[in-house]
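Undergrad: Input: one structure, supplied below.
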Amino acid sequence: MPEPFLVRYLQPLLAGRRAECFELVANALRQGVAAETLICDVVWPAMAQIERLYRDDRLNAAGEHMAGRINRSVADQLQTHLHTRPASGKRVVVACADGPHEELGAQMVSDLLQADGWEVYFVGGGVPDDEIVALLGELRPHILLLFGATPEAVPNTRLLVERLREIGTCPTMNVVVTGGIFSRADGLWREIGADAYCDTPQGMLTTMNGLGPRVPRSARVGVVKKRHRRRKTLVAGVVQPA
């Protein structure tokens with residue numbers, strides 16, 4: 001999707017002009033632009049731009065709320081146009097920080113994964129960690145995807161990952177993170193113990209489809225070893241072990 005289309009979409013979006021945004025997207029679909037392309041190259045970066053402008057005090061609360069709700073409506077409409085692939089047999093639980101942009105990002109991620117053949121359980125934000133742990137034990141997903149976190153929530157996210165590892169809930173399940181503070185703090189995903197990080201929807205699909213079962217690391221009591229950082233490669237906006 002050429003950048004001018006994103007610019008044309010952002011102008012009415014930031015002004016709260018719903019009908020104009022809907023018509024732009026409807027015209028693009030009529031012209032043969034794939035719904036996945038519109039989600040990844042228009043709605044997703046527009047969401048990031050809204051969040052950035054609001055965080056920098058360049059967009060007030062009214063503008064942020066209107067733009068966010070338009071984006072949510074557009075994402076809802078595009079979901080019905082996604083090309084669906086056969087079931088892959090893979091299962092994912094998607095949770096997110098408790099905020100409108102995080103909810104929208106996690107929703108788009110869930111829609112893309114479901115269209116890609118994944119069995120998706122989208123719990124959203126505001127769910128207590130103990131309930132997430134219980135759900136994971138019940139569903140036994142291949143991946144727990146955490147979308148977004150505020151700086152204040154990072155310690156709790158780290159504790160959640162540590163708890164999952166300590167009690168052995170789904171020991172072969174990978175934890176993947178994206179969005180929020182993870183997109184702004186380089187390497188934070190490693191510090192909380194996640195297995196992979198993605199910064200684009202396309203990269204997320206590539207990474208998650210390429211992840212095999214996680215190999216649990218056995219705890220060694222009384223032995224403290226310095227962790228060696230493994231070399232990482234960057235592929236399509238995705239950091240993966242080399």
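If you're wondering about the labels, chains in the structure tokens are A, B, ... by order shown, residues count from 1 in each chain, ligands from 1 in order shown.
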So which residues touch stretch 146-158 of chain A within 6 Å, counting only C-alpha atoms, skipping near sequence neighbours fewer than 2 positions away, as a ChimeraX atom specification?
TA: /A:95-97,102,106,160-161,177-181,192
Undergrad: Need to verify the contact set: stretch 128-145 of chain A, 10 Å, only C-alpha atoms, exclusion of same-chain residues closer than 2 positions in sequence. Can you return it as number ranges by chain?
TA: A: 89-96, 106, 109-110, 119-123, 125-126, 147-148, 156-157, 159-161, 163-164, 167-178, 194-197, 204, 208, 211-214
Undergrad: Could you check the closest approach to A:Ala26 for each of A:Arg58, A:His81, A:Glu103, A:Leu14 and tell me which residue wins, using only C-alpha atoms?
TA: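 Among the listed residues, A:His81 lies closest to A:Ala26.
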Undergrad: As a PyMOL selection string, please: every residue in stretch 8-240 of chain A that a backbone DSSP assignment puts in helix (DSSP H, G or I).
TA: chain A and resi 8-15+18-30+35-55+61-79+100-115+129-139+151-167+180-183+188-191+201-210
Undergrad: Per DSSP on the backbone, what are the strand (DSSP E or B) residues of stretch 55-199 of chain A, as a list in words?
TA: Arg91, Val92, Val93, Val94, Ala95, Cys96, Glu119, Val120, Tyr121, Phe122, Val123, Gly124, Ile143, Leu144, Leu145, Leu146, Phe147, Asn174, Val175, Val176, Val177, Thr178, Ala196, Tyr197 and Cys198 of chain A
Undergrad: Record the distance separating atom CA of A:Gly210 and atom CA of A:His101, expressed in Å with one decimal.
TA: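 Spanning atom CA of A:Gly210 to atom CA of A:His101 is a straight-line distance of 26.9 Å.
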Undergrad: So which residues touch stretch 34-48 of chain A within 6 Å, counting only C-alpha atoms, skipping near sequence neighbours fewer than 5 positions away, as a list in words?
TA: Leu6, Leu78, His81 and Leu82 of chain A
Undergrad: Need to verify the contact set: A:Leu59, 12 Å, only C-alpha atoms, exclusion of same-chain residues closer than 4 positions in sequence. Can you return it as an mmCIF file with C-alpha atoms, in the first residue's frame?
TA:
```cif
data_model
loop_
_atom_site.group_PDB
_atom_site.id
_atom_site.type_symbol
_atom_site.label_atom_id
_atom_site.label_comp_id
_atom_site.auth_asym_id
_atom_site.auth_seq_id
_atom_site.Cartn_x
_atom_site.Cartn_y
_atom_site.Cartn_z
ATOM 1 C CA LEU A 13 -9.041 10.096 10.717
ATOM 2 C CA LEU A 14 -7.356 12.707 12.915
ATOM 3 C CA ALA A 15 -10.200 15.133 12.174
ATOM 4 C CA GLY A 16 -12.808 12.559 13.241
ATOM 5 C CA GLN A 49 0.522 7.433 14.845
ATOM 6 C CA ILE A 50 -2.550 8.261 16.958
ATOM 7 C CA GLU A 51 -0.867 6.849 20.059
ATOM 8 C CA ARG A 52 2.356 8.747 19.341
ATOM 9 C CA LEU A 53 0.614 12.090 18.765
ATOM 10 C CA TYR A 54 -1.450 11.690 21.930
ATOM 11 C CA ARG A 55 1.599 10.715 23.983
ATOM 12 C CA GLY A 63 -9.288 13.668 18.837
ATOM 13 C CA GLU A 64 -7.612 10.540 20.179
ATOM 14 C CA HIS A 65 -10.942 8.978 21.134
ATOM 15 C CA MET A 66 -12.595 9.758 17.795
ATOM 16 C CA ALA A 67 -9.665 8.475 15.735
ATOM 17 C CA GLY A 68 -9.339 5.347 17.832
#
```
Undergrad: In Å to one decimal, how far is atom CA of A:Gln202 from atom CA of A:Val33?
TA: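 For atom CA of A:Val33 relative to atom CA of A:Gln202, the distance reads 16.1 Å.
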Undergrad: Residues near A:Phe22, anyone? I mean within 9 Å using only C-alpha atoms, not counting same-chain ones fewer than 5 positions away, as an NGL selection string.
TA: :A and (17 or 27 or 70 or 73-74)
Undergrad: Rounded to one decimal, what separation in Å do you get between atom CA of A:Ser88 and atom CA of A:Trp118?
TA: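 Between atom CA of A:Ser88 and atom CA of A:Trp118 the gap is 5.9 Å.
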